[in-house]
Structure formats: structure tokens, C-alpha cells
Amino acid sequence: MRVKSIYKQFHQKLVLATSLLILILSAIFYGYTKSTIFDEIQDSLYKDAQLIYKISKSTNVDTKNFNIITHSGINVDIVKLEHVPQTAYTTFKVKNNHYMQILYLFDPKKREYIKIIKNINSSLDMLNKIFNNLLLISLGGLLMVVFYAFTVSKTLLKPIIQITNKLSNMDENYLTQIKKDNLPIEFHPLANSINSLTSRIETNIRFKKELFIGVAHELKTPLAVMKLKNEVTLMKPREPEKYQETMKLTVEQINDMNKMISSILDIGRAEGAQFEKPEEIDLVQYLQRKTNDYRMLSAKKQIILTFFSNVNHHEVYLQPTLINQIIQNFVQNAIKFTPDDKSIAIRLNKTKKETTISITDDGEGIDESIDLFAPFKRMGKESGAGLGLFLAKNAADALGATISLKNRTDGKSGCVATIVLPNKPHTKKD
């Protein structure tokens, strides 16, 4: 399974990365420890050289007889050098013994130096023990990391395999929710996202099925009426008025079917608009311009159309076709169901997290128990294909927006259509 392959690669990379990290840290620690020990030895030899220099000068020791071998493995002598040594400290090895030497200036005129040699075998032995212990601890830590990685990945793999198996068994005819009871709490956000997605897919599939059935019904009925009316008319010769009546009925039915077909084409265009390149627009200016355009429609019914905003400018990045699909449908419905000489208000309210656009009318309101966003759901007695709100819902889903229709709660009759857009970071997409 692909998931297992991913976790196998994860194990290998984790073990490799941990091994390299342990080796690097061990090398750094060993080098630091060695440097510290050698610094302490050098400091000790320097202090011994200073002490010997002071004692020699105060007691006038003959440098020819100056030679001391101490019980601590330190050899002290006075040597004469023709050239100034490049370094004061040197280390060397004689057979299996390691030594450190310091040259300390004793008499500049005679070019004499105090030479102190110290056996450092014990220090190196201690350093090797430290390194060996560090290596054992590192190996133990590596084994614990590997064991922990396998244990954790196995624990993580189980719910992922469970979710993967659940998703692989789903299709458009079988969509189920992922149960979170047996999932670790860390996987709950993932399960919630998948459940939300499957719910949207299920709703979309259900609506599409209703759409196909509705289209077939809406087109079949007028065709049947036209066919029957024409057949009856042609059964025997009739007066010209009867033929005209039949032709008028046929034209009316054709007009209704054209509206239906136009709405279906709008669905196709709206789905294509989801892949439209987003554009930068000032939403306040956009709504002001749209409000002026809609006033031409509202003026026929002497409806006052107003626009309000709590900000002067609001730059957004979205597909204009989609937002226009929603606003146009809401405003046209508001004009359609608002009586003459009433008013409609379009409002934009921007907060830190989201932007809300609302269209409030003075109509009769709606039946909130009906899902008006389903295809072929009509409001009131007004004519229409019943696909406008279905189109608006699809456009809102594509924008990542939320739309709703509610009755007014301010004591007046009417409906409030709301669009909620999340305020995303303002970055352009290529």
C-alpha cells in the first residue's frame, strides 16, 4: 500500500537523520572535551613554568645542573635554542606514551628556555573512556529513537489506513461519514474536513440528480401539451382562429422551454467560471456599480434600491463571474417579490475575519422549511425555471463562501439574502 511505502521511507530517513545527528553531536562533544582537557593541561604547565622561573631566579640555580623529574610524571630542564620556537606547546608520542611539552623563556640573552614535559596518558585514557561511554549512550539513544519511530508511525498508520480504506470504498452511490470514535484526537480535524467534503459531494450529487429529473419533467410536459394540442387541431379542418390559438400556445411553450434551456446553459457557464482566473476588484465600488445597474430594473416597480457599506474600499481577489451570479440572482429575486413602491437595501459589512453582503427586501418572506437552493424550487406565484438559487449555491461553493435565505427578524415582512466571504490573505495567483 502507498501509505505503508511512505512510512517505510519515513523510517529510513528518520534513522539516517538521527544517526548523522548523533555522530555530529558526538564529534562536537569529543572535540570540546579534548580541547578543554588540553587547555587545562597547558594552563597547569604554564603555571609550573612560571613557578620554576621565579624559584630559579631567586635562588640562582645553575642551569647546567638544572634537571628535575617529579613523581607526577613531569620532566623539567633548561635548554638553549638557536631559533625562537614557533609554538610554546607541542605534543608527541614515544612508544606507547603520550607527552605534552611547554617552552618558557628563561634567559633572553642566552636564548635559554625552561622545558617542561608531562606524561598525558592518564588524561587521554580518561578522554577515551568518556568517548566510549558517549558512544554507548548514543547507540542506546539511536535504538530508542528507532523504536519510538516505529511505534509512533505504526500508531499513526492505523487510523490513516482506516481512513484510506473508508475512502477507497466510497463512490457517488455510497458516501458515508468517517466515525471519529476510534480515531486519535489529532485526526479529528482531518475527519471533519473529509466528512464536510463528502457532505458537499453528496448534496451536489443529489441536486444534480434532481436537476436531471426536473429538466426531463420540465421539458417533457410542455412537449406533450404541444403534441396533444397540435394533434387535436389537425384532426379536422378548423377556423383560422383555432389554428392561431394553437400556434400561440406552442410559442408560449417554446418560450418557457427556452428559459429552461437558458438556465441549464447558465449552470454550465457557472461551472466553467469556477476555473476562471481570479481578478482583483474593489468590492465596495463593484457593489455600488451593480446597485446603479439594478436601479433600472427596480424603477419599473418604483422600488427604492440603496447601498450601504461600513468601509470605503475593500480589495478582494476572486472570480467576478461567480460573485455576479450570486448577487444578480439575489437582487433580481428581491425585485421580483417586492411589491411596488417598497424598498430594497444592499449592505456590505467588513470585519476582521469575514465580509458579509446582505440584500434585504420588503416582500412576503419565504418558507424556511423548504430548501430553496435545490433545483426547481420556486417561491411564490412568480414564473421562473427554479434554477437561480441552485446556480447561486454552486457559485458560492466555488468561492468558498456561505449563502443563506432567512426571513427578516426586525418585525417587518421580507427576506434577507446573505453572502459571507472569508477574508483571505490578499495574494495574487498566477
# chains A, B, ... in the order shown; residues from 1 in each chain; ligands from 1
>>> select_by_dssp(residues="stretch 108-315 of chain A", states="alpha helix (DSSP H)", output="ChimeraX atom specification")
/A:121-168,188-234,240-273,283-298
>>> residues_around(residues="stretch 19-23 of chain A", least_positions_apart="3", cutoff="12 Å", atoms="only C-alpha atoms", output="VMD selection string")
chain A and resid 12 to 16 26 to 30 131 134 to 146
>>> closest_residue(among="A:Leu81, A:Asp181, A:Ile326, A:Asp125", to="A:Pro108", atoms="only C-alpha atoms")
A:Leu81
>>> closest_residue(among="A:Val225, A:Val76, A:Val284, A:Leu197", to="A:Thr250", atoms="only C-alpha atoms")
A:Val225
>>> closest_residue(among="A:Ile304, A:Ile41, A:Leu389, A:Ala88", to="A:Pro339", atoms="only C-alpha atoms")
A:Ile304
>>> closest_residue(among="A:Val232, A:Ala374, A:Leu297, A:Val311", to="A:Ile344", atoms="only C-alpha atoms")
A:Leu297
>>> select_by_dssp(residues="stretch 82-152 of chain A", states="strand (DSSP E)", output="mmCIF file with all heavy atoms, in the first residue's frame")
data_model
loop_
_atom_site.group_PDB
_atom_site.id
_atom_site.type_symbol
_atom_site.label_atom_id
_atom_site.label_comp_id
_atom_site.auth_asym_id
_atom_site.auth_seq_id
_atom_site.Cartn_x
_atom_site.Cartn_y
_atom_site.Cartn_z
ATOM 1 N N TYR A 89 53.623 25.210 22.923
ATOM 2 C CA TYR A 89 53.149 23.893 23.336
ATOM 3 C C TYR A 89 53.237 22.924 22.165
ATOM 4 O O TYR A 89 52.868 23.248 21.035
ATOM 5 C CB TYR A 89 51.702 23.952 23.812
ATOM 6 C CG TYR A 89 51.483 24.883 24.994
ATOM 7 C CD1 TYR A 89 51.066 26.199 24.783
ATOM 8 C CD2 TYR A 89 51.703 24.444 26.292
ATOM 9 C CE1 TYR A 89 50.880 27.052 25.857
ATOM 10 C CE2 TYR A 89 51.508 25.295 27.368
ATOM 11 C CZ TYR A 89 51.095 26.598 27.146
ATOM 12 O OH TYR A 89 50.903 27.429 28.208
ATOM 13 N N THR A 90 53.702 21.728 22.437
ATOM 14 C CA THR A 90 53.734 20.653 21.454
ATOM 15 C C THR A 90 53.379 19.341 22.146
ATOM 16 O O THR A 90 53.566 19.195 23.350
ATOM 17 C CB THR A 90 55.113 20.509 20.798
ATOM 18 O OG1 THR A 90 56.114 20.336 21.843
ATOM 19 C CG2 THR A 90 55.462 21.719 19.938
ATOM 20 N N THR A 91 52.842 18.422 21.361
ATOM 21 C CA THR A 91 52.544 17.073 21.868
ATOM 22 C C THR A 91 53.288 16.074 20.994
ATOM 23 O O THR A 91 53.444 16.284 19.784
ATOM 24 C CB THR A 91 51.045 16.771 21.819
ATOM 25 O OG1 THR A 91 50.567 16.953 20.486
ATOM 26 C CG2 THR A 91 50.274 17.691 22.762
ATOM 27 N N PHE A 92 53.728 14.969 21.582
ATOM 28 C CA PHE A 92 54.443 13.929 20.842
ATOM 29 C C PHE A 92 54.251 12.608 21.560
ATOM 30 O O PHE A 92 53.744 12.530 22.685
ATOM 31 C CB PHE A 92 55.934 14.283 20.694
ATOM 32 C CG PHE A 92 56.655 14.465 21.994
ATOM 33 C CD1 PHE A 92 57.316 13.395 22.614
ATOM 34 C CD2 PHE A 92 56.677 15.706 22.621
ATOM 35 C CE1 PHE A 92 57.981 13.578 23.806
ATOM 36 C CE2 PHE A 92 57.337 15.886 23.820
ATOM 37 C CZ PHE A 92 57.995 14.819 24.421
ATOM 38 N N LYS A 93 54.663 11.566 20.851
ATOM 39 C CA LYS A 93 54.470 10.210 21.365
ATOM 40 C C LYS A 93 55.789 9.451 21.300
ATOM 41 O O LYS A 93 56.503 9.498 20.309
ATOM 42 C CB LYS A 93 53.410 9.495 20.526
ATOM 43 C CG LYS A 93 53.116 8.066 20.981
ATOM 44 C CD LYS A 93 52.051 7.442 20.074
ATOM 45 C CE LYS A 93 51.764 6.005 20.498
ATOM 46 N NZ LYS A 93 50.756 5.365 19.616
ATOM 47 N N VAL A 94 56.112 8.774 22.376
ATOM 48 C CA VAL A 94 57.289 7.909 22.450
ATOM 49 C C VAL A 94 56.808 6.518 22.840
ATOM 50 O O VAL A 94 56.302 6.328 23.959
ATOM 51 C CB VAL A 94 58.326 8.435 23.468
ATOM 52 C CG1 VAL A 94 59.527 7.495 23.527
ATOM 53 C CG2 VAL A 94 58.776 9.847 23.102
ATOM 54 N N ASN A 97 53.649 5.972 25.025
ATOM 55 C CA ASN A 97 53.430 7.084 25.939
ATOM 56 C C ASN A 97 53.211 8.388 25.169
ATOM 57 O O ASN A 97 53.872 8.648 24.169
ATOM 58 C CB ASN A 97 54.634 7.242 26.880
ATOM 59 C CG ASN A 97 54.783 6.048 27.794
ATOM 60 O OD1 ASN A 97 53.803 5.553 28.349
ATOM 61 N ND2 ASN A 97 56.020 5.558 27.947
ATOM 62 N N HIS A 98 52.285 9.171 25.685
ATOM 63 C CA HIS A 98 51.955 10.466 25.087
ATOM 64 C C HIS A 98 52.423 11.582 26.018
ATOM 65 O O HIS A 98 52.241 11.495 27.254
ATOM 66 C CB HIS A 98 50.444 10.583 24.855
ATOM 67 C CG HIS A 98 49.918 9.578 23.845
ATOM 68 N ND1 HIS A 98 49.816 9.855 22.513
ATOM 69 C CD2 HIS A 98 49.487 8.299 24.019
ATOM 70 C CE1 HIS A 98 49.332 8.800 21.885
ATOM 71 N NE2 HIS A 98 49.115 7.831 22.784
ATOM 72 N N TYR A 99 53.013 12.621 25.416
ATOM 73 C CA TYR A 99 53.566 13.703 26.217
ATOM 74 C C TYR A 99 53.114 15.053 25.654
ATOM 75 O O TYR A 99 52.828 15.191 24.458
ATOM 76 C CB TYR A 99 55.110 13.657 26.214
ATOM 77 C CG TYR A 99 55.682 12.388 26.785
ATOM 78 C CD1 TYR A 99 55.985 11.311 25.945
ATOM 79 C CD2 TYR A 99 55.931 12.266 28.153
ATOM 80 C CE1 TYR A 99 56.513 10.140 26.457
ATOM 81 C CE2 TYR A 99 56.470 11.104 28.676
ATOM 82 C CZ TYR A 99 56.755 10.042 27.833
ATOM 83 O OH TYR A 99 57.270 8.876 28.343
ATOM 84 N N MET A 100 53.136 16.049 26.580
ATOM 85 C CA MET A 100 52.920 17.437 26.169
ATOM 86 C C MET A 100 54.087 18.245 26.693
ATOM 87 O O MET A 100 54.512 18.068 27.844
ATOM 88 C CB MET A 100 51.607 18.000 26.711
ATOM 89 C CG MET A 100 51.374 19.464 26.281
ATOM 90 S SD MET A 100 49.791 20.128 26.858
ATOM 91 C CE MET A 100 48.683 19.302 25.722
ATOM 92 N N GLN A 101 54.604 19.145 25.849
ATOM 93 C CA GLN A 101 55.796 19.927 26.191
ATOM 94 C C GLN A 101 55.491 21.411 26.099
ATOM 95 O O GLN A 101 54.752 21.860 25.231
ATOM 96 C CB GLN A 101 56.922 19.558 25.220
ATOM 97 C CG GLN A 101 58.154 20.448 25.334
ATOM 98 C CD GLN A 101 59.182 20.113 24.273
ATOM 99 O OE1 GLN A 101 59.797 19.059 24.311
ATOM 100 N NE2 GLN A 101 59.355 21.006 23.300
ATOM 101 N N ILE A 102 56.090 22.182 27.037
ATOM 102 C CA ILE A 102 55.996 23.632 27.010
ATOM 103 C C ILE A 102 57.399 24.211 27.061
ATOM 104 O O ILE A 102 58.288 23.702 27.765
ATOM 105 C CB ILE A 102 55.168 24.165 28.207
ATOM 106 C CG1 ILE A 102 55.063 25.696 28.112
ATOM 107 C CG2 ILE A 102 55.758 23.740 29.540
ATOM 108 C CD1 ILE A 102 54.176 26.316 29.177
ATOM 109 N N LEU A 103 57.636 25.275 26.286
ATOM 110 C CA LEU A 103 58.900 26.014 26.302
ATOM 111 C C LEU A 103 58.615 27.407 26.833
ATOM 112 O O LEU A 103 57.837 28.150 26.240
ATOM 113 C CB LEU A 103 59.489 26.084 24.892
ATOM 114 C CG LEU A 103 59.965 24.748 24.301
ATOM 115 C CD1 LEU A 103 60.380 24.926 22.847
ATOM 116 C CD2 LEU A 103 61.130 24.184 25.109
ATOM 117 N N TYR A 104 59.256 27.730 27.957
ATOM 118 C CA TYR A 104 59.016 29.013 28.627
ATOM 119 C C TYR A 104 60.336 29.774 28.674
ATOM 120 O O TYR A 104 61.359 29.259 29.147
ATOM 121 C CB TYR A 104 58.500 28.761 30.040
ATOM 122 C CG TYR A 104 58.041 30.001 30.752
ATOM 123 C CD1 TYR A 104 56.755 30.487 30.600
ATOM 124 C CD2 TYR A 104 58.922 30.697 31.592
ATOM 125 C CE1 TYR A 104 56.335 31.619 31.268
ATOM 126 C CE2 TYR A 104 58.513 31.835 32.256
ATOM 127 C CZ TYR A 104 57.217 32.293 32.103
ATOM 128 O OH TYR A 104 56.797 33.416 32.764
ATOM 129 N N LEU A 105 60.357 31.004 28.173
ATOM 130 C CA LEU A 105 61.591 31.791 28.083
ATOM 131 C C LEU A 105 62.194 32.010 29.469
ATOM 132 O O LEU A 105 61.543 32.537 30.366
ATOM 133 C CB LEU A 105 61.296 33.139 27.400
ATOM 134 C CG LEU A 105 62.508 34.012 27.127
ATOM 135 C CD1 LEU A 105 63.481 33.307 26.179
ATOM 136 C CD2 LEU A 105 62.060 35.349 26.531
ATOM 137 N N PHE A 106 63.510 31.591 29.569
ATOM 138 C CA PHE A 106 64.183 31.712 30.866
ATOM 139 C C PHE A 106 65.202 32.850 30.847
ATOM 140 O O PHE A 106 65.224 33.699 31.728
ATOM 141 C CB PHE A 106 64.877 30.380 31.198
ATOM 142 C CG PHE A 106 65.585 30.385 32.519
ATOM 143 C CD1 PHE A 106 64.871 30.317 33.698
ATOM 144 C CD2 PHE A 106 66.981 30.492 32.590
ATOM 145 C CE1 PHE A 106 65.534 30.323 34.925
ATOM 146 C CE2 PHE A 106 67.632 30.516 33.809
ATOM 147 C CZ PHE A 106 66.912 30.422 34.980
ATOM 148 N N ASP A 107 66.089 32.893 29.818
ATOM 149 C CA ASP A 107 67.108 33.937 29.713
ATOM 150 C C ASP A 107 67.174 34.371 28.250
ATOM 151 O O ASP A 107 67.722 33.659 27.405
ATOM 152 C CB ASP A 107 68.467 33.405 30.165
ATOM 153 C CG ASP A 107 69.484 34.538 30.320
ATOM 154 O OD1 ASP A 107 69.276 35.607 29.702
ATOM 155 O OD2 ASP A 107 70.466 34.349 31.041
ATOM 156 N N GLU A 112 67.881 30.811 26.481
ATOM 157 C CA GLU A 112 67.579 29.623 27.265
ATOM 158 C C GLU A 112 66.076 29.577 27.589
ATOM 159 O O GLU A 112 65.468 30.620 27.869
ATOM 160 C CB GLU A 112 68.396 29.597 28.561
ATOM 161 C CG GLU A 112 69.880 29.419 28.315
ATOM 162 C CD GLU A 112 70.666 29.421 29.608
ATOM 163 O OE1 GLU A 112 70.160 29.991 30.618
ATOM 164 O OE2 GLU A 112 71.774 28.875 29.625
ATOM 165 N N TYR A 113 65.522 28.371 27.576
ATOM 166 C CA TYR A 113 64.097 28.146 27.820
ATOM 167 C C TYR A 113 63.923 27.070 28.869
ATOM 168 O O TYR A 113 64.734 26.130 28.963
ATOM 169 C CB TYR A 113 63.373 27.707 26.544
ATOM 170 C CG TYR A 113 63.271 28.780 25.488
ATOM 171 C CD1 TYR A 113 64.329 29.022 24.602
ATOM 172 C CD2 TYR A 113 62.114 29.550 25.367
ATOM 173 C CE1 TYR A 113 64.221 29.998 23.632
ATOM 174 C CE2 TYR A 113 62.004 30.525 24.395
ATOM 175 C CZ TYR A 113 63.062 30.747 23.538
ATOM 176 O OH TYR A 113 62.963 31.709 22.575
ATOM 177 N N ILE A 114 62.899 27.241 29.669
ATOM 178 C CA ILE A 114 62.511 26.164 30.585
ATOM 179 C C ILE A 114 61.640 25.195 29.784
ATOM 180 O O ILE A 114 60.628 25.589 29.207
ATOM 181 C CB ILE A 114 61.715 26.705 31.784
ATOM 182 C CG1 ILE A 114 62.561 27.692 32.592
ATOM 183 C CG2 ILE A 114 61.230 25.564 32.677
ATOM 184 C CD1 ILE A 114 61.801 28.361 33.715
ATOM 185 N N LYS A 115 62.067 23.966 29.727
ATOM 186 C CA LYS A 115 61.302 22.943 29.003
ATOM 187 C C LYS A 115 60.672 21.987 30.011
ATOM 188 O O LYS A 115 61.381 21.359 30.790
ATOM 189 C CB LYS A 115 62.214 22.179 28.049
ATOM 190 C CG LYS A 115 61.460 21.129 27.217
ATOM 191 C CD LYS A 115 62.338 20.475 26.185
ATOM 192 C CE LYS A 115 63.368 19.544 26.833
ATOM 193 N NZ LYS A 115 64.128 18.786 25.830
ATOM 194 N N ILE A 116 59.356 21.931 29.946
ATOM 195 C CA ILE A 116 58.620 21.039 30.848
ATOM 196 C C ILE A 116 57.882 20.013 29.991
ATOM 197 O O ILE A 116 57.143 20.375 29.069
ATOM 198 C CB ILE A 116 57.613 21.807 31.718
ATOM 199 C CG1 ILE A 116 58.333 22.891 32.536
ATOM 200 C CG2 ILE A 116 56.843 20.861 32.631
ATOM 201 C CD1 ILE A 116 57.401 23.729 33.373
ATOM 202 N N ILE A 117 58.094 18.768 30.294
ATOM 203 C CA ILE A 117 57.434 17.677 29.576
ATOM 204 C C ILE A 117 56.587 16.893 30.577
ATOM 205 O O ILE A 117 57.073 16.505 31.639
ATOM 206 C CB ILE A 117 58.458 16.743 28.909
ATOM 207 C CG1 ILE A 117 59.313 17.535 27.897
ATOM 208 C CG2 ILE A 117 57.753 15.582 28.192
ATOM 209 C CD1 ILE A 117 60.439 16.731 27.284
ATOM 210 N N LYS A 118 55.326 16.691 30.202
ATOM 211 C CA LYS A 118 54.411 15.974 31.098
ATOM 212 C C LYS A 118 53.770 14.793 30.366
ATOM 213 O O LYS A 118 53.315 14.927 29.216
ATOM 214 C CB LYS A 118 53.307 16.905 31.600
ATOM 215 C CG LYS A 118 52.340 16.225 32.569
ATOM 216 C CD LYS A 118 51.309 17.198 33.097
ATOM 217 C CE LYS A 118 50.372 16.497 34.076
ATOM 218 N NZ LYS A 118 49.370 17.419 34.624
ATOM 219 N N ASN A 119 53.740 13.676 31.047
ATOM 220 C CA ASN A 119 53.067 12.491 30.514
ATOM 221 C C ASN A 119 51.544 12.693 30.638
ATOM 222 O O ASN A 119 51.024 12.957 31.716
ATOM 223 C CB ASN A 119 53.485 11.253 31.303
ATOM 224 C CG ASN A 119 52.950 9.978 30.667
ATOM 225 O OD1 ASN A 119 51.746 9.806 30.519
ATOM 226 N ND2 ASN A 119 53.864 9.073 30.316
#
>>> residues_around(residues="A:Glu202", least_positions_apart="4", cutoff="7 Å", atoms="only C-alpha atoms", output="PyMOL selection string")
chain A and resi 175+198+206
>>> residues_around(residues="A:Glu252", least_positions_apart="4", cutoff="12 Å", atoms="only C-alpha atoms", output="list in words")
Pro222, Leu223, Val225, Met226, Glu245, Thr246, Met247, Lys248, Asp256, Met257, Asn258 and Lys259 of chain A
>>> residues_around(residues="A:Pro320", least_positions_apart="5", cutoff="10 Å", atoms="only C-alpha atoms", output="PDB file with C-alpha atoms, in the first residue's frame")
ATOM      1  CA  ALA A 273     -16.447  30.079 -14.239  1.00  0.00           C
ATOM      2  CA  GLU A 276     -11.876  31.433 -14.340  1.00  0.00           C
ATOM      3  CA  LYS A 277      -8.743  33.334 -13.355  1.00  0.00           C
ATOM      4  CA  PRO A 278      -9.403  35.385 -10.218  1.00  0.00           C
ATOM      5  CA  GLU A 279      -9.204  39.153 -10.530  1.00  0.00           C
ATOM      6  CA  GLU A 280      -8.514  41.954  -8.086  1.00  0.00           C
ATOM      7  CA  ILE A 281     -11.615  44.076  -7.545  1.00  0.00           C
ATOM      8  CA  LEU A 283     -15.873  45.045  -3.711  1.00  0.00           C
ATOM      9  CA  TYR A 286     -18.247  46.847  -7.580  1.00  0.00           C
ATOM     10  CA  GLN A 325     -24.035  35.129 -10.357  1.00  0.00           C
TER      11      GLN A 325
END
>>> decode(residues="stretch 80-91 of chain A", atoms="all heavy atoms", output="PDB file, in the first residue's frame")
ATOM      1  N   LYS A  80      68.889  25.345  25.509  1.00  0.00           N
ATOM      2  CA  LYS A  80      69.301  26.505  24.744  1.00  0.00           C
ATOM      3  C   LYS A  80      68.885  26.282  23.298  1.00  0.00           C
ATOM      4  O   LYS A  80      69.233  25.262  22.703  1.00  0.00           O
ATOM      5  CB  LYS A  80      70.816  26.703  24.852  1.00  0.00           C
ATOM      6  CG  LYS A  80      71.293  27.994  24.164  1.00  0.00           C
ATOM      7  CD  LYS A  80      72.785  28.199  24.421  1.00  0.00           C
ATOM      8  CE  LYS A  80      73.257  29.490  23.771  1.00  0.00           C
ATOM      9  NZ  LYS A  80      74.703  29.713  24.007  1.00  0.00           N
ATOM     10  N   LEU A  81      68.195  27.225  22.739  1.00  0.00           N
ATOM     11  CA  LEU A  81      67.693  27.114  21.374  1.00  0.00           C
ATOM     12  C   LEU A  81      68.272  28.231  20.525  1.00  0.00           C
ATOM     13  O   LEU A  81      68.372  29.383  20.965  1.00  0.00           O
ATOM     14  CB  LEU A  81      66.164  27.195  21.355  1.00  0.00           C
ATOM     15  CG  LEU A  81      65.412  26.118  22.165  1.00  0.00           C
ATOM     16  CD1 LEU A  81      63.913  26.369  22.100  1.00  0.00           C
ATOM     17  CD2 LEU A  81      65.734  24.725  21.635  1.00  0.00           C
ATOM     18  N   GLU A  82      68.665  27.878  19.308  1.00  0.00           N
ATOM     19  CA  GLU A  82      69.207  28.870  18.386  1.00  0.00           C
ATOM     20  C   GLU A  82      68.110  29.748  17.781  1.00  0.00           C
ATOM     21  O   GLU A  82      68.321  30.907  17.447  1.00  0.00           O
ATOM     22  CB  GLU A  82      69.986  28.164  17.266  1.00  0.00           C
ATOM     23  CG  GLU A  82      71.237  27.448  17.760  1.00  0.00           C
ATOM     24  CD  GLU A  82      72.273  28.392  18.348  1.00  0.00           C
ATOM     25  OE1 GLU A  82      72.328  29.564  17.892  1.00  0.00           O
ATOM     26  OE2 GLU A  82      72.999  27.978  19.260  1.00  0.00           O
ATOM     27  N   HIS A  83      66.942  29.155  17.615  1.00  0.00           N
ATOM     28  CA  HIS A  83      65.831  29.878  16.995  1.00  0.00           C
ATOM     29  C   HIS A  83      64.640  29.927  17.950  1.00  0.00           C
ATOM     30  O   HIS A  83      64.436  29.014  18.752  1.00  0.00           O
ATOM     31  CB  HIS A  83      65.412  29.202  15.687  1.00  0.00           C
ATOM     32  CG  HIS A  83      66.536  29.087  14.689  1.00  0.00           C
ATOM     33  ND1 HIS A  83      67.013  30.166  13.955  1.00  0.00           N
ATOM     34  CD2 HIS A  83      67.292  28.011  14.317  1.00  0.00           C
ATOM     35  CE1 HIS A  83      67.985  29.776  13.173  1.00  0.00           C
ATOM     36  NE2 HIS A  83      68.201  28.458  13.371  1.00  0.00           N
ATOM     37  N   VAL A  84      63.894  30.966  17.833  1.00  0.00           N
ATOM     38  CA  VAL A  84      62.691  31.119  18.662  1.00  0.00           C
ATOM     39  C   VAL A  84      61.658  30.077  18.207  1.00  0.00           C
ATOM     40  O   VAL A  84      61.364  29.956  17.014  1.00  0.00           O
ATOM     41  CB  VAL A  84      62.090  32.533  18.522  1.00  0.00           C
ATOM     42  CG1 VAL A  84      60.799  32.654  19.343  1.00  0.00           C
ATOM     43  CG2 VAL A  84      63.118  33.574  18.939  1.00  0.00           C
ATOM     44  N   PRO A  85      61.115  29.271  19.132  1.00  0.00           N
ATOM     45  CA  PRO A  85      60.129  28.243  18.756  1.00  0.00           C
ATOM     46  C   PRO A  85      58.839  28.887  18.221  1.00  0.00           C
ATOM     47  O   PRO A  85      58.418  29.940  18.686  1.00  0.00           O
ATOM     48  CB  PRO A  85      59.876  27.486  20.059  1.00  0.00           C
ATOM     49  CG  PRO A  85      60.238  28.448  21.134  1.00  0.00           C
ATOM     50  CD  PRO A  85      61.381  29.261  20.590  1.00  0.00           C
ATOM     51  N   GLN A  86      58.274  28.227  17.222  1.00  0.00           N
ATOM     52  CA  GLN A  86      57.037  28.760  16.638  1.00  0.00           C
ATOM     53  C   GLN A  86      55.854  28.628  17.585  1.00  0.00           C
ATOM     54  O   GLN A  86      54.975  29.490  17.617  1.00  0.00           O
ATOM     55  CB  GLN A  86      56.737  28.026  15.318  1.00  0.00           C
ATOM     56  CG  GLN A  86      57.788  28.306  14.242  1.00  0.00           C
ATOM     57  CD  GLN A  86      57.457  27.595  12.944  1.00  0.00           C
ATOM     58  OE1 GLN A  86      56.549  26.787  12.892  1.00  0.00           O
ATOM     59  NE2 GLN A  86      58.222  27.899  11.892  1.00  0.00           N
ATOM     60  N   THR A  87      55.827  27.568  18.343  1.00  0.00           N
ATOM     61  CA  THR A  87      54.728  27.358  19.301  1.00  0.00           C
ATOM     62  C   THR A  87      55.300  27.023  20.662  1.00  0.00           C
ATOM     63  O   THR A  87      56.356  26.373  20.771  1.00  0.00           O
ATOM     64  CB  THR A  87      53.813  26.209  18.849  1.00  0.00           C
ATOM     65  OG1 THR A  87      54.586  25.009  18.694  1.00  0.00           O
ATOM     66  CG2 THR A  87      53.125  26.543  17.530  1.00  0.00           C
ATOM     67  N   ALA A  88      54.607  27.451  21.688  1.00  0.00           N
ATOM     68  CA  ALA A  88      55.065  27.185  23.050  1.00  0.00           C
ATOM     69  C   ALA A  88      54.719  25.764  23.479  1.00  0.00           C
ATOM     70  O   ALA A  88      55.421  25.166  24.294  1.00  0.00           O
ATOM     71  CB  ALA A  88      54.458  28.189  24.024  1.00  0.00           C
ATOM     72  N   TYR A  89      53.623  25.210  22.923  1.00  0.00           N
ATOM     73  CA  TYR A  89      53.149  23.893  23.336  1.00  0.00           C
ATOM     74  C   TYR A  89      53.237  22.924  22.165  1.00  0.00           C
ATOM     75  O   TYR A  89      52.868  23.248  21.035  1.00  0.00           O
ATOM     76  CB  TYR A  89      51.702  23.952  23.812  1.00  0.00           C
ATOM     77  CG  TYR A  89      51.483  24.883  24.994  1.00  0.00           C
ATOM     78  CD1 TYR A  89      51.066  26.199  24.783  1.00  0.00           C
ATOM     79  CD2 TYR A  89      51.703  24.444  26.292  1.00  0.00           C
ATOM     80  CE1 TYR A  89      50.880  27.052  25.857  1.00  0.00           C
ATOM     81  CE2 TYR A  89      51.508  25.295  27.368  1.00  0.00           C
ATOM     82  CZ  TYR A  89      51.095  26.598  27.146  1.00  0.00           C
ATOM     83  OH  TYR A  89      50.903  27.429  28.208  1.00  0.00           O
ATOM     84  N   THR A  90      53.702  21.728  22.437  1.00  0.00           N
ATOM     85  CA  THR A  90      53.734  20.653  21.454  1.00  0.00           C
ATOM     86  C   THR A  90      53.379  19.341  22.146  1.00  0.00           C
ATOM     87  O   THR A  90      53.566  19.195  23.350  1.00  0.00           O
ATOM     88  CB  THR A  90      55.113  20.509  20.798  1.00  0.00           C
ATOM     89  OG1 THR A  90      56.114  20.336  21.843  1.00  0.00           O
ATOM     90  CG2 THR A  90      55.462  21.719  19.938  1.00  0.00           C
ATOM     91  N   THR A  91      52.842  18.422  21.361  1.00  0.00           N
ATOM     92  CA  THR A  91      52.544  17.073  21.868  1.00  0.00           C
ATOM     93  C   THR A  91      53.288  16.074  20.994  1.00  0.00           C
ATOM     94  O   THR A  91      53.444  16.284  19.784  1.00  0.00           O
ATOM     95  CB  THR A  91      51.045  16.771  21.819  1.00  0.00           C
ATOM     96  OG1 THR A  91      50.567  16.953  20.486  1.00  0.00           O
ATOM     97  CG2 THR A  91      50.274  17.691  22.762  1.00  0.00           C
TER      98      THR A  91
END
